[in-house]
Amino acid sequence: MSRRSCRTFITAVLCLLLGAAAPAWAIDGTEILRQVDHNLEPQSYEQYRKLTNIEPDGSRKEYLLYMVKKGRDRIVALFLSPASDKGRATLRLGENMWLYIPNVGRPIRITSLQSVVGGVFNNADILRVDYSAEYNVASVKEQPDAYILSLKAKSNEVAYDRLRMTVSKKTLLPRTVEAYAASGLLIKTLHYSGVKDFGGGIVRPSILETDSPLYKGYKSVMVDVQVRKRAFPDEVFTLNYLSRVQDLRR
Amino acid sequence: MKAAGIRAFLCCALLVMHGTAQGAPPIAEADSITIPGIEKQPFELGGYVEFRQEDSILNRGAPSYELNYPAPSGPDRLDRSTGTLQLKGKYSHGIVSFNFLTNSYVAQDQTSYQRDNKFFEAYLSLKPDPDFTLEAGKKTLDWGKGYAWNPVGFVQRPKDPNDPTLAREGYTFVAADFIRSFNGPLQTVAFTPVLLPVNADVNSDFGKPGYLNVAGKLYLLYRDTDIDLVYLSGGSKTARFGLDFSRNVGSNMEVHGEWAYLSNMQQQVVNTAGQVNLQQENVESYLFGLRYLTEEQTTYIAEYYHNGSGFSGSEATNFYRLVDNAVARYQATGDTSLLQNAQALSQSAYGGPTPMRNYLYFRASRQDAFGVVYFTPAVTLMADIEDKSFSLTPELLYTGINNIELRARLYLLYGDHFSDFGSKQNSAKFEVYARYYF
């Protein structure tokens, strides 16, 4: 076979392969991700969240948070317990994050990769905004009962460079999310479970569990309760309001 | 089965048994757990009790030591035990709330016994709407973005750079807070005007009595950058204004800065003849800093601070010489007049924790170090750039037991006799404390 014939043959094979892959590309990954966000998070709501860090010997440390969220990327969390953390509050506005510590008396900027509670969850996990606010869909694959979305961070300010999300075809809710650094290192895996009807049309996972090869034997779990739709003014999601978040509780 | 395999099996079995012994409920059951603490209470009370033990090796002959122990036979060491109780409470009724923070302590060492009870904060708050708040009473304001220092902190007591997160006593004032949010590059505007009276009974240590001081802060969140414009009108203190900023650069780095202009700052300065002159000049103070987090969860904080009203090397040396002369005269003749002058000067700016012009602060802390969650070792360096003296503070912090904080710190001070850190009373101090939150 001459060199020219060889090139023609390879080109033809590539065209055939691309043609065969066409049905998979026809799936709109961006729309799937938008649906995932819609199903996970109501537009404006309040909730209570219990966060538990579990050590290899089984001992636990628990935090109780009151959280409010509005839109795609505004979220506030207030620590109600333990006593050592009571009154701390964190605010996220897009990629901006602040931590208010009552003793310090003013909010300080924090970064998404830090962890205000220690353990496997970092700030970006606890104050998670919509996936589509931070990530673009790089590719999507179809399995018999799930979609596999490969997500790429929109900027270097996002906590994880890439995500590999497994989405249930039936519910369009995520099952697992693998988070990778830019180096390709697997940082952690998030496992969603316990789909629950919170009322008001909110049906979504109530448990988020995570483990990490960087924290061998450790596990962190977030359990959501009392998720309720509620409207908040924009001023609630500001630095000056951070010390008064507890006044929102009813 | 090989010996190594048997060991591994036994380890696994023990771990499984240990885990079972903890009685931890499976995660799947967690959903059904009733979570206490959700109901909001009208009255909330919390706080902490702390026991602190400090063992100091004193720097005999250092100017600060001589001022406190002018007699020839002063102590070599000082062991100090301190018990502290802080209570924080809040009573809410509708749009009104009353907040307080008390601080009480007893302390004893070989030479003295001290105790004190204070309200650090006690104020009424009126919040008719999320975008407006009115507050009156005693409260701690904390303006500025710096970690160890705040040049724009015009209406607050200065931080202790050795422990910047400690609660501090506030001042009594009336303040409002207006907030507006927008869509677009300018996301937030907030304005905080403050009226702060000073007389013999209220805020007497703020400055000259007989004035109603006006201060204010305008906050902007513009293009993901925090910006504050701050001012304090003349009155009890001289007029001053400034600005600060802070923004994230990437997912693991934050940068910040402050700049302040202080008009007609007055300072008592010792000249080469040992005489005290009152200097008055306009000065600028500024600070630049960053906080950087590595993938391994090590946080680095670095700050450069220029203290415009600080002393130059020669001005400080003149003061230290004055102290040496005063102590020598006292020991030789019993004459305390010069010693009293020196002690009075040490109560002013000369005796502050960082009285000089240019400082560098560096801190490295590793969260969850060595695979132990809640264990944070850290080391802090604070240096006077001009005279090359410094303090080095390694520390260990453990917060793994619910509501208990355990910390051990070792302060090591280095520098010449007439240098900033070499002139301090201690050459080393070991400190441990246990704090229980409730």
# chains A, B, ... in the order shown; residues from 1 in each chain; ligands from 1
call {"tool": "interface_residues", "arguments": {"of": "chain A", "to": "chain B", "cutoff": "7 Å", "atoms": "only C-alpha atoms", "output": "PyMOL selection string"}}
result
chain A and resi 57-59+61+82-84+96+103-106+111-113+118-119+156-159+215+223+234-236+238+249-250
call {"tool": "select_by_dssp", "arguments": {"residues": "segment 24-242 of chain A", "states": "strand (DSSP E)", "output": "PyMOL selection string"}}
result
chain A and resi 44-54+60-70+74-81+89-93+96-100+107-110+135-142+146-153+162-168+174-180+186-199+202-212+215-229
call {"tool": "atom_distance", "arguments": {"atom1": "atom CA of Tyr63 of chain A", "atom2": "atom CA of Leu33 of chain A"}}
result
29.6 Å
call {"tool": "residues_around", "arguments": {"residues": "Leu65 of chain A", "least_positions_apart": "2", "cutoff": "7 Å", "atoms": "only C-alpha atoms", "output": "list in words"}}
result
Tyr48, Arg49, Lys50, Tyr63, Met67, Ala77, Leu78, Phe79 and Leu80 of chain A
call {"tool": "residues_around", "arguments": {"residues": "Ile27 of chain A", "least_positions_apart": "5", "cutoff": "9 Å", "atoms": "only C-alpha atoms", "output": "ChimeraX atom specification"}}
result
/A:32,140-142
call {"tool": "select_by_dssp", "arguments": {"residues": "segment 321-370 of chain B", "states": "helix (DSSP H, G or I)", "output": "count of residues only"}}
result
29
call {"tool": "residues_around", "arguments": {"residues": "segment 421-425 of chain B", "least_positions_apart": "3", "cutoff": "12 Å", "atoms": "only C-alpha atoms", "output": "VMD selection string"}}
result
chain B and resid 56 to 69 74 to 78 316 to 317 319 to 321 323 to 324 346 350 to 356 359 381 to 392 411 to 418 428 to 429
call {"tool": "write_last_selection", "arguments": {"atoms": "C-alpha atoms", "output": "PDB file, in the first residue's frame"}}
result
ATOM      1  CA  SER B  56       9.097  32.578  81.166  1.00  0.00           C
ATOM      2  CA  ILE B  57      12.884  32.739  81.146  1.00  0.00           C
ATOM      3  CA  LEU B  58      13.608  36.371  81.861  1.00  0.00           C
ATOM      4  CA  ASN B  59      16.156  38.385  79.953  1.00  0.00           C
ATOM      5  CA  ARG B  60      18.136  39.926  82.847  1.00  0.00           C
ATOM      6  CA  GLY B  61      19.657  43.213  81.852  1.00  0.00           C
ATOM      7  CA  ALA B  62      17.283  43.856  78.976  1.00  0.00           C
ATOM      8  CA  PRO B  63      15.721  47.344  79.117  1.00  0.00           C
ATOM      9  CA  SER B  64      12.157  46.043  79.610  1.00  0.00           C
ATOM     10  CA  TYR B  65      13.348  43.735  82.383  1.00  0.00           C
ATOM     11  CA  GLU B  66      15.204  46.560  84.122  1.00  0.00           C
ATOM     12  CA  LEU B  67      12.120  48.776  84.032  1.00  0.00           C
ATOM     13  CA  ASN B  68      10.022  46.118  85.779  1.00  0.00           C
ATOM     14  CA  TYR B  69      12.769  44.873  88.139  1.00  0.00           C
ATOM     15  CA  GLY B  74      15.335  40.419  90.230  1.00  0.00           C
ATOM     16  CA  PRO B  75      13.898  37.006  89.342  1.00  0.00           C
ATOM     17  CA  ASP B  76      15.342  34.756  86.591  1.00  0.00           C
ATOM     18  CA  ARG B  77      12.089  33.033  85.794  1.00  0.00           C
ATOM     19  CA  LEU B  78       8.419  33.797  86.039  1.00  0.00           C
ATOM     20  CA  ALA B 316      14.671  53.397  70.184  1.00  0.00           C
ATOM     21  CA  THR B 317      18.350  53.176  71.143  1.00  0.00           C
ATOM     22  CA  PHE B 319      15.195  55.232  74.937  1.00  0.00           C
ATOM     23  CA  TYR B 320      17.031  52.022  75.867  1.00  0.00           C
ATOM     24  CA  ARG B 321      20.090  54.081  76.924  1.00  0.00           C
ATOM     25  CA  VAL B 323      16.507  53.124  80.757  1.00  0.00           C
ATOM     26  CA  ASP B 324      20.049  51.834  81.375  1.00  0.00           C
ATOM     27  CA  SER B 346       7.279  52.696  78.461  1.00  0.00           C
ATOM     28  CA  TYR B 350       7.732  52.776  73.495  1.00  0.00           C
ATOM     29  CA  GLY B 351       6.222  49.925  75.464  1.00  0.00           C
ATOM     30  CA  GLY B 352       3.903  48.611  72.744  1.00  0.00           C
ATOM     31  CA  PRO B 353       4.275  45.094  71.337  1.00  0.00           C
ATOM     32  CA  THR B 354       5.617  46.371  67.978  1.00  0.00           C
ATOM     33  CA  PRO B 355       6.711  50.006  68.460  1.00  0.00           C
ATOM     34  CA  MET B 356       9.186  50.243  65.562  1.00  0.00           C
ATOM     35  CA  TYR B 359       8.016  44.571  60.474  1.00  0.00           C
ATOM     36  CA  LEU B 381       8.146  34.511  62.753  1.00  0.00           C
ATOM     37  CA  MET B 382       7.866  38.214  63.571  1.00  0.00           C
ATOM     38  CA  ALA B 383      10.895  40.301  62.701  1.00  0.00           C
ATOM     39  CA  ASP B 384      11.985  43.917  62.968  1.00  0.00           C
ATOM     40  CA  ILE B 385      13.481  44.455  59.539  1.00  0.00           C
ATOM     41  CA  GLU B 386      15.800  47.288  60.575  1.00  0.00           C
ATOM     42  CA  ASP B 387      17.611  45.828  63.579  1.00  0.00           C
ATOM     43  CA  LYS B 388      17.225  42.157  62.475  1.00  0.00           C
ATOM     44  CA  SER B 389      15.794  41.073  65.831  1.00  0.00           C
ATOM     45  CA  PHE B 390      12.922  38.610  65.791  1.00  0.00           C
ATOM     46  CA  SER B 391      10.660  36.242  67.669  1.00  0.00           C
ATOM     47  CA  LEU B 392      10.128  32.655  66.606  1.00  0.00           C
ATOM     48  CA  TYR B 411       8.235  31.916  72.227  1.00  0.00           C
ATOM     49  CA  LEU B 412      11.908  32.425  71.436  1.00  0.00           C
ATOM     50  CA  LEU B 413      13.225  35.986  71.161  1.00  0.00           C
ATOM     51  CA  TYR B 414      16.502  36.895  69.483  1.00  0.00           C
ATOM     52  CA  GLY B 415      18.309  40.215  69.144  1.00  0.00           C
ATOM     53  CA  ASP B 416      20.963  42.556  70.503  1.00  0.00           C
ATOM     54  CA  HIS B 417      20.607  44.336  73.850  1.00  0.00           C
ATOM     55  CA  PHE B 418      19.318  47.523  72.185  1.00  0.00           C
ATOM     56  CA  ALA B 428      11.874  32.622  76.016  1.00  0.00           C
ATOM     57  CA  LYS B 429       8.414  31.639  77.163  1.00  0.00           C
TER      58      LYS B 429
END
call {"tool": "closest_residue", "arguments": {"among": "A:Ser150, A:Ser220, A:Ser243, A:Pro42", "to": "Lys86 of chain A", "atoms": "only C-alpha atoms"}}
result
A:Ser243
call {"tool": "closest_residue", "arguments": {"among": "B:Leu229, B:Glu121, B:Phe173, B:Ser285", "to": "Pro102 of chain A", "atoms": "only C-alpha atoms"}}
result
B:Glu121
call {"tool": "decode", "arguments": {"residues": "segment 291-431 of chain B", "atoms": "C-alpha atoms", "output": "PDB file, in the first residue's frame"}}
result
ATOM      1  CA  ARG B 291      -2.435  33.926  52.504  1.00  0.00           C
ATOM      2  CA  TYR B 292      -1.482  30.871  50.446  1.00  0.00           C
ATOM      3  CA  LEU B 293      -2.725  27.294  50.809  1.00  0.00           C
ATOM      4  CA  THR B 294      -0.792  24.360  49.367  1.00  0.00           C
ATOM      5  CA  GLU B 295      -2.303  21.088  48.145  1.00  0.00           C
ATOM      6  CA  GLU B 296      -0.971  19.504  51.362  1.00  0.00           C
ATOM      7  CA  GLN B 297      -3.128  21.892  53.452  1.00  0.00           C
ATOM      8  CA  THR B 298      -0.243  24.061  54.627  1.00  0.00           C
ATOM      9  CA  THR B 299      -1.276  27.707  54.982  1.00  0.00           C
ATOM     10  CA  TYR B 300       1.333  30.435  54.677  1.00  0.00           C
ATOM     11  CA  ILE B 301       0.545  33.956  55.864  1.00  0.00           C
ATOM     12  CA  ALA B 302       3.044  36.700  55.110  1.00  0.00           C
ATOM     13  CA  GLU B 303       2.695  40.406  55.907  1.00  0.00           C
ATOM     14  CA  TYR B 304       4.892  43.459  55.645  1.00  0.00           C
ATOM     15  CA  TYR B 305       3.909  46.326  57.947  1.00  0.00           C
ATOM     16  CA  HIS B 306       5.210  49.888  57.866  1.00  0.00           C
ATOM     17  CA  ASN B 307       4.279  51.732  61.043  1.00  0.00           C
ATOM     18  CA  GLY B 308       4.522  55.406  60.096  1.00  0.00           C
ATOM     19  CA  SER B 309       4.306  56.539  63.713  1.00  0.00           C
ATOM     20  CA  GLY B 310       6.876  53.969  64.863  1.00  0.00           C
ATOM     21  CA  PHE B 311      10.349  54.761  66.162  1.00  0.00           C
ATOM     22  CA  SER B 312      13.526  54.721  64.147  1.00  0.00           C
ATOM     23  CA  GLY B 313      16.458  52.611  65.322  1.00  0.00           C
ATOM     24  CA  SER B 314      18.245  55.610  66.835  1.00  0.00           C
ATOM     25  CA  GLU B 315      15.102  56.843  68.630  1.00  0.00           C
ATOM     26  CA  ALA B 316      14.671  53.397  70.184  1.00  0.00           C
ATOM     27  CA  THR B 317      18.350  53.176  71.143  1.00  0.00           C
ATOM     28  CA  ASN B 318      18.093  56.562  72.863  1.00  0.00           C
ATOM     29  CA  PHE B 319      15.195  55.232  74.937  1.00  0.00           C
ATOM     30  CA  TYR B 320      17.031  52.022  75.867  1.00  0.00           C
ATOM     31  CA  ARG B 321      20.090  54.081  76.924  1.00  0.00           C
ATOM     32  CA  LEU B 322      17.810  56.262  79.029  1.00  0.00           C
ATOM     33  CA  VAL B 323      16.507  53.124  80.757  1.00  0.00           C
ATOM     34  CA  ASP B 324      20.049  51.834  81.375  1.00  0.00           C
ATOM     35  CA  ASN B 325      21.074  55.196  82.836  1.00  0.00           C
ATOM     36  CA  ALA B 326      17.937  55.457  84.973  1.00  0.00           C
ATOM     37  CA  VAL B 327      18.437  51.975  86.434  1.00  0.00           C
ATOM     38  CA  ALA B 328      22.156  52.617  87.024  1.00  0.00           C
ATOM     39  CA  ARG B 329      21.347  55.853  88.857  1.00  0.00           C
ATOM     40  CA  TYR B 330      18.644  54.123  90.922  1.00  0.00           C
ATOM     41  CA  GLN B 331      20.950  51.277  91.895  1.00  0.00           C
ATOM     42  CA  ALA B 332      23.808  53.659  92.727  1.00  0.00           C
ATOM     43  CA  THR B 333      21.931  56.422  94.538  1.00  0.00           C
ATOM     44  CA  GLY B 334      18.345  55.288  95.090  1.00  0.00           C
ATOM     45  CA  ASP B 335      17.132  58.231  92.986  1.00  0.00           C
ATOM     46  CA  THR B 336      13.922  57.167  91.199  1.00  0.00           C
ATOM     47  CA  SER B 337      13.154  60.362  89.251  1.00  0.00           C
ATOM     48  CA  LEU B 338      14.754  59.284  85.980  1.00  0.00           C
ATOM     49  CA  LEU B 339      13.436  55.759  86.419  1.00  0.00           C
ATOM     50  CA  GLN B 340       9.887  57.085  86.777  1.00  0.00           C
ATOM     51  CA  ASN B 341      10.320  59.076  83.557  1.00  0.00           C
ATOM     52  CA  ALA B 342      11.476  55.960  81.740  1.00  0.00           C
ATOM     53  CA  GLN B 343       8.627  53.902  83.160  1.00  0.00           C
ATOM     54  CA  ALA B 344       6.125  56.551  82.060  1.00  0.00           C
ATOM     55  CA  LEU B 345       7.593  56.471  78.540  1.00  0.00           C
ATOM     56  CA  SER B 346       7.279  52.696  78.461  1.00  0.00           C
ATOM     57  CA  GLN B 347       3.554  53.085  79.124  1.00  0.00           C
ATOM     58  CA  SER B 348       3.284  55.091  75.891  1.00  0.00           C
ATOM     59  CA  ALA B 349       4.254  53.929  72.406  1.00  0.00           C
ATOM     60  CA  TYR B 350       7.732  52.776  73.495  1.00  0.00           C
ATOM     61  CA  GLY B 351       6.222  49.925  75.464  1.00  0.00           C
ATOM     62  CA  GLY B 352       3.903  48.611  72.744  1.00  0.00           C
ATOM     63  CA  PRO B 353       4.275  45.094  71.337  1.00  0.00           C
ATOM     64  CA  THR B 354       5.617  46.371  67.978  1.00  0.00           C
ATOM     65  CA  PRO B 355       6.711  50.006  68.460  1.00  0.00           C
ATOM     66  CA  MET B 356       9.186  50.243  65.562  1.00  0.00           C
ATOM     67  CA  ARG B 357       8.772  51.207  61.892  1.00  0.00           C
ATOM     68  CA  ASN B 358       9.092  48.108  59.711  1.00  0.00           C
ATOM     69  CA  TYR B 359       8.016  44.571  60.474  1.00  0.00           C
ATOM     70  CA  LEU B 360       7.723  41.272  58.713  1.00  0.00           C
ATOM     71  CA  TYR B 361       5.253  38.600  59.792  1.00  0.00           C
ATOM     72  CA  PHE B 362       5.334  35.038  58.545  1.00  0.00           C
ATOM     73  CA  ARG B 363       3.273  32.090  59.694  1.00  0.00           C
ATOM     74  CA  ALA B 364       3.096  28.530  58.373  1.00  0.00           C
ATOM     75  CA  SER B 365       0.452  26.158  59.717  1.00  0.00           C
ATOM     76  CA  ARG B 366      -0.386  22.650  58.604  1.00  0.00           C
ATOM     77  CA  GLN B 367      -4.008  21.560  59.038  1.00  0.00           C
ATOM     78  CA  ASP B 368      -4.589  17.870  59.824  1.00  0.00           C
ATOM     79  CA  ALA B 369      -0.830  17.317  59.918  1.00  0.00           C
ATOM     80  CA  PHE B 370       0.751  13.863  59.804  1.00  0.00           C
ATOM     81  CA  GLY B 371      -2.610  12.351  58.932  1.00  0.00           C
ATOM     82  CA  VAL B 372      -4.118  13.424  62.268  1.00  0.00           C
ATOM     83  CA  VAL B 373      -7.341  15.352  61.742  1.00  0.00           C
ATOM     84  CA  TYR B 374      -7.712  18.471  63.935  1.00  0.00           C
ATOM     85  CA  PHE B 375      -3.985  18.558  64.684  1.00  0.00           C
ATOM     86  CA  THR B 376      -2.371  21.806  63.536  1.00  0.00           C
ATOM     87  CA  PRO B 377       1.303  22.511  64.135  1.00  0.00           C
ATOM     88  CA  ALA B 378       2.452  25.999  63.200  1.00  0.00           C
ATOM     89  CA  VAL B 379       5.444  28.270  63.364  1.00  0.00           C
ATOM     90  CA  THR B 380       5.329  32.086  63.438  1.00  0.00           C
ATOM     91  CA  LEU B 381       8.146  34.511  62.753  1.00  0.00           C
ATOM     92  CA  MET B 382       7.866  38.214  63.571  1.00  0.00           C
ATOM     93  CA  ALA B 383      10.895  40.301  62.701  1.00  0.00           C
ATOM     94  CA  ASP B 384      11.985  43.917  62.968  1.00  0.00           C
ATOM     95  CA  ILE B 385      13.481  44.455  59.539  1.00  0.00           C
ATOM     96  CA  GLU B 386      15.800  47.288  60.575  1.00  0.00           C
ATOM     97  CA  ASP B 387      17.611  45.828  63.579  1.00  0.00           C
ATOM     98  CA  LYS B 388      17.225  42.157  62.475  1.00  0.00           C
ATOM     99  CA  SER B 389      15.794  41.073  65.831  1.00  0.00           C
ATOM    100  CA  PHE B 390      12.922  38.610  65.791  1.00  0.00           C
ATOM    101  CA  SER B 391      10.660  36.242  67.669  1.00  0.00           C
ATOM    102  CA  LEU B 392      10.128  32.655  66.606  1.00  0.00           C
ATOM    103  CA  THR B 393       7.070  30.795  67.883  1.00  0.00           C
ATOM    104  CA  PRO B 394       6.510  27.119  67.176  1.00  0.00           C
ATOM    105  CA  GLU B 395       3.146  25.829  68.388  1.00  0.00           C
ATOM    106  CA  LEU B 396       0.918  22.760  68.485  1.00  0.00           C
ATOM    107  CA  LEU B 397      -2.870  22.927  68.423  1.00  0.00           C
ATOM    108  CA  TYR B 398      -5.305  20.049  68.848  1.00  0.00           C
ATOM    109  CA  THR B 399      -9.093  20.445  68.574  1.00  0.00           C
ATOM    110  CA  GLY B 400     -10.094  16.812  68.124  1.00  0.00           C
ATOM    111  CA  ILE B 401     -11.937  16.495  71.450  1.00  0.00           C
ATOM    112  CA  ASN B 402     -15.408  17.985  71.293  1.00  0.00           C
ATOM    113  CA  ASN B 403     -15.431  21.587  72.563  1.00  0.00           C
ATOM    114  CA  ILE B 404     -11.888  21.383  73.899  1.00  0.00           C
ATOM    115  CA  GLU B 405      -8.933  23.285  72.473  1.00  0.00           C
ATOM    116  CA  LEU B 406      -5.405  22.372  73.549  1.00  0.00           C
ATOM    117  CA  ARG B 407      -2.474  24.546  72.561  1.00  0.00           C
ATOM    118  CA  ALA B 408       1.235  24.612  73.412  1.00  0.00           C
ATOM    119  CA  ARG B 409       3.516  27.447  72.306  1.00  0.00           C
ATOM    120  CA  LEU B 410       7.168  28.284  72.711  1.00  0.00           C
ATOM    121  CA  TYR B 411       8.235  31.916  72.227  1.00  0.00           C
ATOM    122  CA  LEU B 412      11.908  32.425  71.436  1.00  0.00           C
ATOM    123  CA  LEU B 413      13.225  35.986  71.161  1.00  0.00           C
ATOM    124  CA  TYR B 414      16.502  36.895  69.483  1.00  0.00           C
ATOM    125  CA  GLY B 415      18.309  40.215  69.144  1.00  0.00           C
ATOM    126  CA  ASP B 416      20.963  42.556  70.503  1.00  0.00           C
ATOM    127  CA  HIS B 417      20.607  44.336  73.850  1.00  0.00           C
ATOM    128  CA  PHE B 418      19.318  47.523  72.185  1.00  0.00           C
ATOM    129  CA  SER B 419      17.188  45.806  69.562  1.00  0.00           C
ATOM    130  CA  ASP B 420      13.384  45.570  69.363  1.00  0.00           C
ATOM    131  CA  PHE B 421      12.935  41.937  70.429  1.00  0.00           C
ATOM    132  CA  GLY B 422      16.254  41.700  72.320  1.00  0.00           C
ATOM    133  CA  SER B 423      15.081  44.449  74.682  1.00  0.00           C
ATOM    134  CA  LYS B 424      11.950  42.573  75.777  1.00  0.00           C
ATOM    135  CA  GLN B 425      11.554  41.205  79.275  1.00  0.00           C
ATOM    136  CA  ASN B 426      11.535  37.532  78.206  1.00  0.00           C
ATOM    137  CA  SER B 427      14.144  35.677  76.234  1.00  0.00           C
ATOM    138  CA  ALA B 428      11.874  32.622  76.016  1.00  0.00           C
ATOM    139  CA  LYS B 429       8.414  31.639  77.163  1.00  0.00           C
ATOM    140  CA  PHE B 430       6.648  28.306  77.158  1.00  0.00           C
ATOM    141  CA  GLU B 431       2.883  28.415  77.295  1.00  0.00           C
TER     142      GLU B 431
END
